[in-house]
>>> print(open('protein.tsv').read())   # TSV, C-alpha atoms
chain	number	residue	atom	x	y	z
A	191	MET	CA	57.13	131.18	68.84
A	192	THR	CA	53.94	129.65	67.48
A	193	TYR	CA	52.52	128.94	64.06
A	194	LYS	CA	48.75	129.20	63.67
A	195	ILE	CA	46.75	127.12	61.21
A	196	THR	CA	43.12	127.95	60.52
A	197	LYS	CA	40.94	125.24	58.97
A	198	SER	CA	37.16	124.88	59.13
A	199	SER	CA	37.01	127.60	61.78
A	200	VAL	CA	39.35	125.62	64.05
A	201	MET	CA	42.64	127.24	65.05
A	202	PHE	CA	45.65	125.15	66.02
A	203	SER	CA	48.59	126.80	67.73
A	204	VAL	CA	51.83	124.92	67.18
A	205	ASN	CA	55.25	125.78	68.62
A	206	TYR	CA	57.53	125.11	65.66
A	207	LEU	CA	60.63	125.12	67.92
A	208	ALA	CA	59.62	121.57	68.81
A	209	PHE	CA	61.14	120.43	65.50
A	210	ALA	CA	64.56	121.58	66.71
A	211	ILE	CA	64.56	118.69	69.20
A	212	PRO	CA	64.57	115.78	66.69
A	213	ALA	CA	66.93	117.85	64.51
A	214	PHE	CA	69.39	118.03	67.41
A	215	PHE	CA	69.39	114.25	67.83
A	216	LEU	CA	69.68	113.75	64.08
A	217	PHE	CA	72.87	115.84	63.95
A	218	VAL	CA	74.30	113.99	66.95
A	219	TYR	CA	73.53	110.69	65.23
A	220	ILE	CA	75.25	111.86	62.03
A	221	GLU	CA	78.30	112.94	64.05
A	222	LEU	CA	78.36	109.55	65.80
A	223	LYS	CA	78.29	107.68	62.47
A	224	ILE	CA	81.07	109.86	61.07
A	225	ALA	CA	83.16	109.22	64.19
A	226	GLN	CA	82.58	105.48	63.82
A	227	TYR	CA	83.49	105.64	60.13
A	228	LYS	CA	86.73	107.45	61.01
A	229	LYS	CA	87.32	104.94	63.84
A	230	GLU	CA	87.56	107.77	66.38
A	231	SER	CA	86.01	105.91	69.31
A	232	SER	CA	87.11	108.51	71.89
A	233	VAL	CA	84.66	111.10	70.51
A	234	PHE	CA	81.63	109.40	72.10
A	235	LYS	CA	81.19	107.49	75.34
A	236	TYR	CA	77.77	106.04	76.11
A	237	GLU	CA	77.39	107.11	79.76
A	238	SER	CA	78.76	110.60	79.14
A	239	THR	CA	76.54	111.16	76.10
A	240	VAL	CA	73.42	110.05	78.00
A	241	ALA	CA	74.36	112.39	80.85
A	242	ASN	CA	74.74	115.23	78.32
A	243	PHE	CA	71.29	114.52	76.90
A	244	SER	CA	69.75	114.42	80.37
A	245	VAL	CA	71.05	117.87	81.29
A	246	GLY	CA	69.83	119.31	77.97
A	247	ILE	CA	66.37	117.77	78.22
A	248	ALA	CA	65.86	119.21	81.70
A	249	GLU	CA	66.93	122.67	80.56
A	250	ARG	CA	64.72	122.63	77.47
A	251	LEU	CA	61.68	121.52	79.46
A	252	LEU	CA	62.15	124.00	82.30
A	253	ASN	CA	62.87	126.82	79.87
A	254	LEU	CA	59.68	125.99	78.01
A	255	PHE	CA	57.77	127.12	81.09
A	256	MET	CA	59.87	130.29	81.38
A	257	ALA	CA	60.46	131.36	77.77
A	258	ALA	CA	57.48	133.73	77.77
A	259	SER	CA	58.79	135.29	80.98
A	260	PHE	CA	62.14	136.01	79.35
A	261	TYR	CA	60.40	137.83	76.51
A	262	GLN	CA	58.18	139.73	78.95
A	263	VAL	CA	61.25	140.91	80.87
A	264	TYR	CA	62.88	142.12	77.64
A	265	ASN	CA	59.67	143.88	76.66
A	266	TRP	CA	59.31	145.50	80.08
A	267	VAL	CA	62.90	146.80	79.99
A	268	TYR	CA	62.47	148.00	76.40
A	269	THR	CA	59.13	149.74	77.05
A	270	ASN	CA	60.13	151.46	80.27
A	271	TYR	CA	63.88	151.96	80.26
A	272	SER	CA	65.29	151.82	76.70
A	273	ILE	CA	67.93	154.50	76.21
A	274	PHE	CA	67.62	154.75	72.43
A	275	GLU	CA	64.91	153.94	69.90
A	276	ILE	CA	66.81	151.76	67.42
A	277	PRO	CA	64.99	151.24	64.09
A	278	ASN	CA	64.55	147.96	62.27
A	279	ARG	CA	67.14	148.26	59.48
A	280	TRP	CA	69.34	145.62	57.87
A	281	TYR	CA	72.53	147.07	59.35
A	282	VAL	CA	70.93	147.10	62.81
A	283	TRP	CA	70.66	143.31	62.64
A	284	VAL	CA	74.43	143.10	62.08
A	285	LEU	CA	75.01	145.52	64.94
A	286	LEU	CA	72.69	143.49	67.18
A	287	LEU	CA	74.56	140.27	66.36
A	288	TRP	CA	77.84	141.90	67.38
A	289	ALA	CA	76.28	143.35	70.52
A	290	THR	CA	74.76	139.98	71.45
A	291	ASP	CA	78.12	138.29	71.10
A	292	LEU	CA	79.86	141.01	73.13
A	293	VAL	CA	77.34	140.59	75.96
A	294	TRP	CA	77.82	136.83	75.71
A	295	TYR	CA	81.59	137.26	75.95
A	296	TRP	CA	81.36	139.10	79.28
A	297	TYR	CA	78.62	136.88	80.65
A	298	HIS	CA	80.71	133.85	79.67
A	299	ARG	CA	83.95	135.25	81.04
A	300	LEU	CA	82.40	136.27	84.36
A	301	GLY	CA	80.83	132.80	84.48
A	302	HIS	CA	84.38	131.44	84.69
A	303	GLU	CA	85.68	134.07	87.09
A	304	ILE	CA	82.94	134.33	89.76
A	305	ASN	CA	82.08	131.35	91.93
A	306	PHE	CA	78.29	131.61	92.05
A	307	LEU	CA	78.14	132.07	88.26
A	308	TRP	CA	80.60	129.22	87.70
A	309	ALA	CA	78.35	126.96	89.79
A	310	ALA	CA	75.74	127.26	87.02
A	311	HIS	CA	78.20	127.13	84.11
A	312	ILE	CA	80.45	124.31	85.35
A	313	VAL	CA	77.89	121.75	84.18
A	314	HIS	CA	78.64	122.73	80.58
A	315	HIS	CA	82.31	121.80	81.06
A	316	GLN	CA	81.91	118.50	82.90
A	317	SER	CA	81.90	116.29	79.81
A	318	GLU	CA	85.28	114.74	79.07
A	319	GLU	CA	84.14	114.10	75.52
A	320	PHE	CA	83.77	117.04	73.13
A	321	ASN	CA	80.94	116.40	70.69
A	322	LEU	CA	77.58	117.87	69.67
A	323	SER	CA	75.83	116.26	72.65
A	324	ALA	CA	78.00	118.39	74.97
A	325	ALA	CA	76.28	121.49	73.57
A	326	ALA	CA	73.16	120.36	75.44
A	327	ARG	CA	74.85	120.77	78.81
A	328	ILE	CA	73.10	124.04	79.72
A	329	THR	CA	71.25	124.35	83.02
A	330	THR	CA	68.13	126.42	83.62
A	331	ILE	CA	69.97	128.42	86.28
A	332	GLN	CA	72.62	129.28	83.70
A	333	ALA	CA	69.89	130.28	81.23
A	334	ILE	CA	68.38	132.63	83.82
A	335	PHE	CA	71.74	134.31	84.50
A	336	ARG	CA	72.35	134.58	80.75
A	337	ASN	CA	69.00	136.27	80.14
A	338	VAL	CA	69.70	138.77	82.92
A	339	PHE	CA	72.85	139.79	81.03
A	340	TRP	CA	70.94	140.02	77.76
A	341	CYS	CA	68.59	142.59	79.32
A	342	ILE	CA	71.34	145.03	78.37
A	343	LEU	CA	70.15	144.73	74.75
A	344	PRO	CA	66.57	146.05	75.23
A	345	LEU	CA	68.00	148.60	77.66
A	346	VAL	CA	70.14	149.99	74.84
A	347	GLY	CA	67.08	150.08	72.57
A	348	PHE	CA	66.97	146.88	70.50
A	349	HIS	CA	63.41	145.61	70.05
A	350	PRO	CA	62.62	142.33	71.92
A	351	ASN	CA	61.43	140.64	68.71
A	352	MET	CA	64.79	141.31	67.09
A	353	ILE	CA	66.61	140.08	70.19
A	354	ILE	CA	64.75	136.78	70.32
A	355	THR	CA	65.43	136.17	66.61
A	356	ILE	CA	69.15	136.88	66.96
A	357	LEU	CA	69.40	134.71	70.08
A	358	LEU	CA	67.94	131.76	68.17
A	359	ALA	CA	70.52	132.19	65.40
A	360	HIS	CA	73.28	132.77	67.97
A	361	GLY	CA	72.40	129.57	69.82
A	362	ALA	CA	72.12	127.54	66.61
A	363	TYR	CA	75.62	128.58	65.52
A	364	SER	CA	77.23	127.70	68.86
A	365	PHE	CA	75.73	124.20	68.71
A	366	PHE	CA	77.85	123.34	65.68
A	367	THR	CA	81.09	124.49	67.35
A	368	HIS	CA	80.93	121.52	69.75
A	369	THR	CA	82.67	118.89	67.62
A	370	GLN	CA	86.14	117.44	67.12
A	371	LEU	CA	85.40	116.14	63.65
A	372	ILE	CA	85.96	119.52	61.98
A	373	GLY	CA	89.54	120.70	62.11
A	374	LYS	CA	90.86	124.19	61.60
A	375	ILE	CA	89.04	126.16	58.88
A	376	GLY	CA	91.75	128.33	57.38
A	377	TRP	CA	91.25	132.10	57.42
A	378	LEU	CA	87.87	131.77	59.20
A	379	GLU	CA	89.83	131.01	62.37
A	380	ASN	CA	90.66	134.74	62.45
A	381	ILE	CA	87.01	135.82	62.32
A	382	LEU	CA	84.71	133.16	63.78
A	383	ILE	CA	84.76	130.90	66.81
A	384	THR	CA	85.29	127.56	65.07
A	385	PRO	CA	85.07	124.04	66.54
A	386	SER	CA	88.84	124.08	66.96
A	387	LEU	CA	88.78	127.37	68.90
A	388	HIS	CA	85.82	126.34	71.03
A	389	GLY	CA	87.50	123.01	71.73
A	390	VAL	CA	90.33	125.02	73.26
A	391	HIS	CA	87.78	126.66	75.56
A	392	HIS	CA	86.56	123.23	76.72
A	393	ALA	CA	90.09	122.01	77.41
A	394	SER	CA	91.57	121.46	80.87
A	395	ASP	CA	95.20	121.94	79.73
A	396	GLU	CA	96.82	124.80	81.62
A	397	LYS	CA	97.74	126.76	78.48
A	398	TYR	CA	94.12	126.60	77.29
A	399	LEU	CA	92.37	127.56	80.52
A	400	ASP	CA	90.09	130.61	80.43
A	401	LYS	CA	90.48	131.20	76.70
A	402	ASN	CA	88.12	131.82	73.77
A	403	TYR	CA	84.97	133.08	75.53
A	404	GLY	CA	83.34	134.35	72.35
A	405	ASP	CA	80.42	132.43	70.91
A	406	VAL	CA	80.43	133.54	67.26
A	407	PHE	CA	83.28	136.03	66.75
A	408	VAL	CA	86.93	135.99	67.87
A	409	PHE	CA	87.14	139.81	67.98
A	410	TRP	CA	86.34	140.08	71.67
A	411	ASP	CA	88.90	137.50	72.76
A	412	LYS	CA	91.58	139.27	70.74
A	413	ILE	CA	90.60	142.69	72.09
A	414	PHE	CA	90.45	141.55	75.73
A	415	GLY	CA	93.48	139.23	75.63
A	416	THR	CA	91.84	135.81	75.96
A	417	PHE	CA	92.41	134.43	72.46
A	418	GLN	CA	94.23	131.10	72.01
A	419	THR	CA	94.62	128.94	68.92
A	420	GLU	CA	94.70	125.16	69.15
A	421	GLU	CA	98.25	123.84	69.25
A	422	GLU	CA	98.46	120.47	71.02
A	423	ALA	CA	95.35	118.29	71.03
A	424	PRO	CA	93.19	119.39	73.97
A	425	LYS	CA	92.25	117.28	76.96
A	426	TYR	CA	88.58	118.02	77.51
A	427	GLY	CA	86.67	118.44	80.77
A	428	LEU	CA	87.38	119.96	84.17
A	429	THR	CA	90.82	120.34	85.73
A	430	HIS	CA	89.37	118.36	88.66
A	431	PRO	CA	86.87	115.97	87.04
A	432	ILE	CA	83.79	114.87	88.93
A	433	LYS	CA	83.40	111.14	89.51
A	434	SER	CA	79.70	110.82	88.88
A	435	TYR	CA	77.11	110.67	86.12
A	436	SER	CA	74.39	111.49	88.64
A	437	PHE	CA	71.92	114.02	87.25
A	438	LEU	CA	71.57	115.71	90.65
A	439	TRP	CA	75.26	115.69	91.56
A	440	GLN	CA	76.30	117.16	88.22
A	441	HIS	CA	73.84	120.02	88.72
A	442	PHE	CA	74.46	120.88	92.36
A	443	HIS	CA	77.90	119.71	93.51
A	444	TYR	CA	79.53	123.12	93.08
A	445	TYR	CA	76.78	124.88	95.02
A	446	LEU	CA	77.54	122.47	97.87
A	447	GLU	CA	81.23	123.29	97.52
A	448	ILE	CA	80.49	127.00	97.74
A	449	GLY	CA	78.33	126.39	100.80
A	450	GLU	CA	81.10	124.40	102.47
A	451	ALA	CA	83.70	127.07	101.58
A	452	TYR	CA	81.38	129.74	103.02
A	453	LYS	CA	80.99	127.81	106.29
A	454	ARG	CA	84.75	127.40	106.60
A	455	ALA	CA	85.50	131.04	105.81
A	456	ASN	CA	86.48	133.35	108.67
A	457	GLY	CA	85.49	136.98	108.34
A	458	PHE	CA	83.36	138.99	105.95
A	459	LYS	CA	85.98	139.20	103.17
A	460	ALA	CA	86.61	135.46	103.16
A	461	LYS	CA	82.87	134.71	103.03
A	462	CYS	CA	82.46	137.14	100.12
A	463	ASN	CA	85.29	135.39	98.32
A	464	ALA	CA	83.49	132.08	98.75
A	465	LEU	CA	80.54	133.54	96.82
A	466	PHE	CA	82.15	136.03	94.46
A	467	GLY	CA	85.77	134.97	94.32
A	468	SER	CA	87.56	133.06	91.58
A	469	PRO	CA	86.91	129.33	91.14
A	470	ALA	CA	90.67	128.96	90.74
A	471	LEU	CA	91.02	129.81	94.45
A	472	MET	CA	88.46	127.24	95.63
A	473	ASP	CA	89.91	124.80	98.18
A	474	GLN	CA	90.31	121.57	96.20
A	475	ASN	CA	90.09	119.50	99.38
A	476	ILE	CA	86.39	120.34	99.73
A	477	ARG	CA	85.09	118.26	96.83
A	478	PRO	CA	86.57	114.90	97.95
A	479	ILE	CA	85.02	115.43	101.39
A	480	LEU	CA	81.61	116.16	99.88
A	481	GLU	CA	81.94	113.23	97.47
A	482	GLU	CA	82.44	110.90	100.40
A	483	LYS	CA	79.61	112.52	102.39
A	484	TYR	CA	77.14	112.14	99.53
A	485	PHE	CA	78.46	108.75	98.30
A	486	GLN	CA	79.85	110.15	95.05
A	487	ASN	CA	83.42	109.01	95.60
A	488	SER	CA	83.28	105.64	93.88
A	489	LYS	CA	85.53	105.13	90.88
A	490	ARG	CA	83.82	105.07	87.52
A	491	LYS	CA	83.32	101.45	86.57
A	492	SER	CA	85.68	100.13	83.92
A	493	SER	CA	83.18	97.43	82.99
A	494	LYS	CA	80.95	97.72	79.99
A	495	PHE	CA	77.43	98.88	80.80
A	496	LYS	CA	75.24	96.09	79.50
A	497	PHE	CA	71.68	97.01	80.37
A	498	LYS	CA	71.41	99.90	77.90
A	499	THR	CA	67.96	99.02	76.58
A	500	TYR	CA	66.16	100.17	79.71
A	501	ALA	CA	68.08	103.48	79.84
A	502	ASN	CA	67.58	104.02	76.10
A	503	ILE	CA	63.82	103.44	76.34
A	504	GLN	CA	63.53	105.96	79.17
A	505	LEU	CA	65.65	108.49	77.32
A	506	GLY	CA	63.62	108.00	74.14
A	507	LEU	CA	60.35	108.46	76.03
A	508	VAL	CA	61.41	111.75	77.64
A	509	VAL	CA	62.57	113.03	74.24
A	510	VAL	CA	59.14	112.21	72.78
A	511	ILE	CA	57.42	113.81	75.78
A	512	LEU	CA	59.58	116.93	75.46
A	513	THR	CA	58.88	117.21	71.72
A	514	ILE	CA	55.10	116.78	72.07
A	515	THR	CA	54.97	119.09	75.09
A	516	THR	CA	56.86	121.79	73.19
A	517	LEU	CA	54.67	121.34	70.12
A	518	PHE	CA	51.34	121.63	71.96
A	519	TYR	CA	52.42	123.59	75.04
A	520	SER	CA	49.64	126.19	74.65
A	521	TYR	CA	47.01	123.48	75.19
A	522	LEU	CA	48.34	122.18	78.49
A	523	GLN	CA	46.55	122.80	81.76
A	524	PHE	CA	48.53	123.48	84.94
A	525	ILE	CA	48.06	119.93	86.25
A	526	ASP	CA	49.30	118.49	82.93
A	527	SER	CA	52.39	120.72	82.94
A	528	ALA	CA	53.17	119.87	86.56
A	529	PHE	CA	52.83	116.14	85.91
A	530	ILE	CA	55.05	116.26	82.80
A	531	LEU	CA	57.70	118.32	84.57
A	532	ILE	CA	57.85	116.03	87.62
A	533	LEU	CA	57.74	112.84	85.53
A	534	VAL	CA	60.55	113.95	83.21
A	535	LEU	CA	62.78	115.17	86.05
A	536	LEU	CA	62.23	111.92	87.96
A	537	THR	CA	63.08	109.95	84.83
A	538	LEU	CA	66.29	111.92	84.28
A	539	ILE	CA	67.29	111.34	87.90
A	540	ASN	CA	66.41	107.69	87.33
A	541	ILE	CA	68.67	107.48	84.26
A	542	GLY	CA	71.55	109.06	86.18
A	543	ALA	CA	71.04	106.62	89.06
A	544	LEU	CA	70.94	103.76	86.55
A	545	LEU	CA	74.30	104.84	85.10
A	546	GLU	CA	75.66	105.04	88.65
A	547	GLN	CA	74.02	101.69	89.58
A	548	ARG	CA	72.42	103.15	92.71
A	549	LYS	CA	70.29	100.66	94.61
A	550	TRP	CA	67.81	103.35	95.73
A	551	ILE	CA	66.65	103.58	92.12
A	552	TYR	CA	64.03	100.92	92.92
A	553	TYR	CA	62.21	103.26	95.30
A	554	LEU	CA	62.37	106.05	92.74
A	555	GLU	CA	60.82	103.67	90.21
A	556	CYS	CA	57.99	102.88	92.63
A	557	PHE	CA	57.32	106.56	93.22
A	558	ARG	CA	57.30	107.28	89.50
A	559	LEU	CA	54.87	104.42	88.88
A	560	ILE	CA	52.55	105.68	91.62
A	561	LEU	CA	52.72	109.18	90.12
A	562	ILE	CA	51.67	107.91	86.69
A	563	PHE	CA	48.71	105.96	88.09
A	564	THR	CA	47.67	108.87	90.31
A	565	TYR	CA	47.66	111.28	87.38
A	566	THR	CA	45.69	108.78	85.27
A	567	PHE	CA	43.07	108.21	87.97
A	568	TYR	CA	42.82	111.97	88.53
A	569	ASN	CA	42.08	112.59	84.85
A	570	PHE	CA	39.35	109.92	84.92
A	571	ASN	CA	37.86	111.47	88.07
A	572	HIS	CA	38.75	108.47	90.22
A	573	PHE	CA	41.51	109.94	92.36
A	574	GLU	CA	40.49	107.70	95.26
A	575	PHE	CA	41.81	104.68	93.32
A	576	ALA	CA	45.37	106.03	93.59
A	577	VAL	CA	45.84	103.93	96.73
A	578	PHE	CA	45.63	100.66	94.75
A	579	PRO	CA	49.07	100.91	93.03
A	580	ILE	CA	50.63	101.38	96.46
A	581	ILE	CA	48.84	98.31	97.80
A	582	ALA	CA	49.85	96.31	94.71
A	583	LEU	CA	53.53	97.21	95.13
A	584	VAL	CA	53.46	96.24	98.80
A	585	ILE	CA	51.86	92.88	97.98
A	586	LEU	CA	54.41	92.18	95.20
A	587	GLU	CA	57.27	93.04	97.53
A	588	ARG	CA	55.92	90.76	100.24
A	589	THR	CA	55.20	87.82	97.95
A	590	ILE	CA	57.95	87.78	95.31
A	591	SER	CA	60.55	90.29	96.64
A	592	LEU	CA	60.07	92.67	93.72
A	593	SER	CA	63.01	94.85	94.80
A	594	LYS	CA	65.45	91.92	94.59
A	595	ILE	CA	64.20	90.97	91.12
A	596	TYR	CA	64.56	94.57	89.97
A	597	THR	CA	68.07	94.83	91.41
A	598	LYS	CA	69.12	91.56	89.79
A	599	TYR	CA	68.03	92.43	86.26
A	600	VAL	CA	68.39	96.23	86.15
A	601	LEU	CA	71.46	96.97	88.26
A	602	TYR	CA	73.89	94.89	86.26
A	603	TYR	CA	77.32	95.36	84.72
A	604	SER	CA	79.08	92.82	82.57
A	605	LYS	CA	82.80	92.23	82.71
A	606	ALA	CA	84.88	94.48	80.49
A	607	LYS	CA	86.25	92.83	77.39
>>> encode(input="protein.tsv", output="structure tokens")
Amino acid sequence: MTYKITKSSVMFSVNYLAFAIPAFFLFVYIELKIAQYKKESSVFKYESTVANFSVGIAERLLNLFMAASFYQVYNWVYTNYSIFEIPNRWYVWVLLLWATDLVWYWYHRLGHEINFLWAAHIVHHQSEEFNLSAAARITTIQAIFRNVFWCILPLVGFHPNMIITILLAHGAYSFFTHTQLIGKIGWLENILITPSLHGVHHASDEKYLDKNYGDVFVFWDKIFGTFQTEEEAPKYGLTHPIKSYSFLWQHFHYYLEIGEAYKRANGFKAKCNALFGSPALMDQNIRPILEEKYFQNSKRKSSKFKFKTYANIQLGLVVVILTITTLFYSYLQFIDSAFILILVLLTLINIGALLEQRKWIYYLECFRLILIFTYTFYNFNHFEFAVFPIIALVILERTISLSKIYTKYVLYYSKAK
């Protein structure tokens, strides 16, 4: 994953995957401009797109800390338990691509059919807009489950280096299937999962539910009876949409639903069904109760979100932090990694709260500010000074009501036009 440059006896280790991050945003920007040129305004919605980015940034950052572990698991399985010793030949790469997609098919299908797996995967389907930004909606928990399934590949006998390479190509292809701007592609619809076919998978229309699980090839869906071509224009998102752009709620609402279903269940079989049963059988009365309990039941505002600059600055900063962290990850100390992880996650929660116009965002802002100063003082060996930002915030609150000023200028919606 790294590229080493030797110059004047100094070795720099750079993670070239960092360049995929600005490339991702460049492609999203190009898609946005094409959508605007075609006057297809429904393709992008500001709040939804920002929420998509937030989920993706969190997953990329958390996976950065675990990527080496994934490879080590593959290597351990391959070294100790591989059934065959598969050579590195050109035709083996083709076979591995097919095998990877077959494993993906069953991981993906079970992710829709088993509650505790759906809890991780549901985040990917929450967006009611289908565009390249929706491809970012992958959670770290989902990535862990996915890598457990892919352990089948080294178990069979594929070398971990080959697996990692194919997974990169596999993931890159699936990114480009998340768009409405490319229609049906003729005869390729019978071989590859195209944007049209994957759009069907993201649809909430009854005829499209639980279809097209493949990631690259349509073979598996045709073999296992889950293939569906696009007929009517799909309606994207969940059959029961969530009412929140909250970073935390989007990640964890279904786990709470499972927990509530488990508490309500009578008997061992019913409790097992709450964990391992079909999401289609989940009691749909549970979510509204939890939404009210956790204050997520407000209607999405029809007004136009005006204060975008603040959210955009925060989003831009975490993208820069993620890119630089990925590029120079090998140089980070534990304290640096911990600070970056906490700061980015707090900022993503902050952005979600800003989109939801939550008043408690002020206290989150104060905590984030204290964290930044504490980390700075720690690095300059003056940790004892960390108390001063707290004192300063208390004084500002007492003298000029800082929280009211913040609420007035940050938590603001303009009337819809």
>>> closest_atom_pairs(input="protein.tsv", of="region 308-418 of chain A", to="region 211-225 of chain A", cutoff="8 Å", atoms="all atoms listed in the file", output="JSON lines")
{"residue": "A:Asn321", "atom": "CA", "partner": "A:Glu221", "partner_atom": "CA", "distance": 7.9}
{"residue": "A:Leu322", "atom": "CA", "partner": "A:Val218", "partner_atom": "CA", "distance": 5.8}
{"residue": "A:Ser323", "atom": "CA", "partner": "A:Val218", "partner_atom": "CA", "distance": 6.3}
{"residue": "A:Leu371", "atom": "CA", "partner": "A:Ala225", "partner_atom": "CA", "distance": 7.3}
>>> closest_residue(input="protein.tsv", among="A:Phe339, A:Tyr426, A:Trp410, A:Trp283", to="Glu319 (chain A)", atoms="all atoms listed in the file")
A:Tyr426
>>> closest_residue(input="protein.tsv", among="A:Asn540, A:Ser436, A:Asn305, A:Gln523", to="Cys462 (chain A)", atoms="all atoms listed in the file")
A:Asn305
>>> residues_around(input="protein.tsv", residues="Lys549 (chain A)", least_positions_apart="2", cutoff="8 Å", atoms="only C-alpha atoms", output="list of chain:residue names")
A:Gln547, A:Ile551, A:Tyr552, A:Thr597, A:Leu601
>>> atom_distance(input="protein.tsv", atom1="CA of Thr589 (chain A)", atom2="CA of Phe567 (chain A)")
25.7 Å
>>> atom_distance(input="protein.tsv", atom1="CA of Ser386 (chain A)", atom2="CA of Leu285 (chain A)")
25.6 Å
>>> closest_atom_pairs(input="protein.tsv", of="region 322-350 of chain A", to="region 439-449 of chain A", cutoff="12 Å", atoms="all atoms listed in the file", output="tab-separated table")
residue	atom	partner	partner_atom	distance
A:Arg327	CA	A:His441	CA	10.0
A:Ile328	CA	A:His441	CA	9.9
A:Thr329	CA	A:His441	CA	7.6
A:Thr330	CA	A:His441	CA	10.0
A:Ile331	CA	A:His441	CA	9.6
A:Gln332	CA	A:His441	CA	10.6
>>> atom_distance(input="protein.tsv", atom1="CA of Leu307 (chain A)", atom2="CA of Glu249 (chain A)")
16.5 Å
>>> closest_residue(input="protein.tsv", among="A:Tyr271, A:Phe414, A:Phe348, A:Phe260", to="Leu292 (chain A)", atoms="all atoms listed in the file")
A:Phe414
>>> closest_residue(input="protein.tsv", among="A:Phe524, A:Phe417, A:Tyr264, A:Phe234", to="Asn337 (chain A)", atoms="all atoms listed in the file")
A:Tyr264
>>> build_atoms(input="protein.tsv", residues="region 592-603 of chain A", atoms="N, CA and C atoms", output="compact mmCIF listing (two decimals), keeping the file's coordinate frame")
# COMPACT_ATOMS: atom_id res chain seq x y z
N LEU A 592 59.95 91.91 94.97
CA LEU A 592 60.07 92.67 93.72
C LEU A 592 61.37 93.47 93.67
N SER A 593 61.79 94.04 94.78
CA SER A 593 63.01 94.85 94.80
C SER A 593 64.24 94.03 94.44
N LYS A 594 64.30 92.77 94.91
CA LYS A 594 65.45 91.92 94.59
C LYS A 594 65.47 91.55 93.11
N ILE A 595 64.29 91.29 92.56
CA ILE A 595 64.20 90.97 91.12
C ILE A 595 64.65 92.17 90.30
N TYR A 596 64.19 93.34 90.69
CA TYR A 596 64.56 94.57 89.97
C TYR A 596 66.07 94.77 90.03
N THR A 597 66.63 94.63 91.24
CA THR A 597 68.07 94.83 91.41
C THR A 597 68.87 93.83 90.58
N LYS A 598 68.40 92.60 90.51
CA LYS A 598 69.12 91.56 89.79
C LYS A 598 69.19 91.83 88.30
N TYR A 599 68.09 92.30 87.72
CA TYR A 599 68.03 92.43 86.26
C TYR A 599 68.29 93.85 85.74
N VAL A 600 68.18 94.84 86.60
CA VAL A 600 68.39 96.23 86.15
C VAL A 600 69.76 96.74 86.56
N LEU A 601 70.16 96.49 87.79
CA LEU A 601 71.46 96.97 88.26
C LEU A 601 72.51 95.90 87.94
N TYR A 602 73.01 95.97 86.70
CA TYR A 602 73.89 94.89 86.26
C TYR A 602 74.96 95.42 85.32
N TYR A 603 76.19 95.08 85.61
CA TYR A 603 77.32 95.36 84.72
C TYR A 603 77.96 94.05 84.28
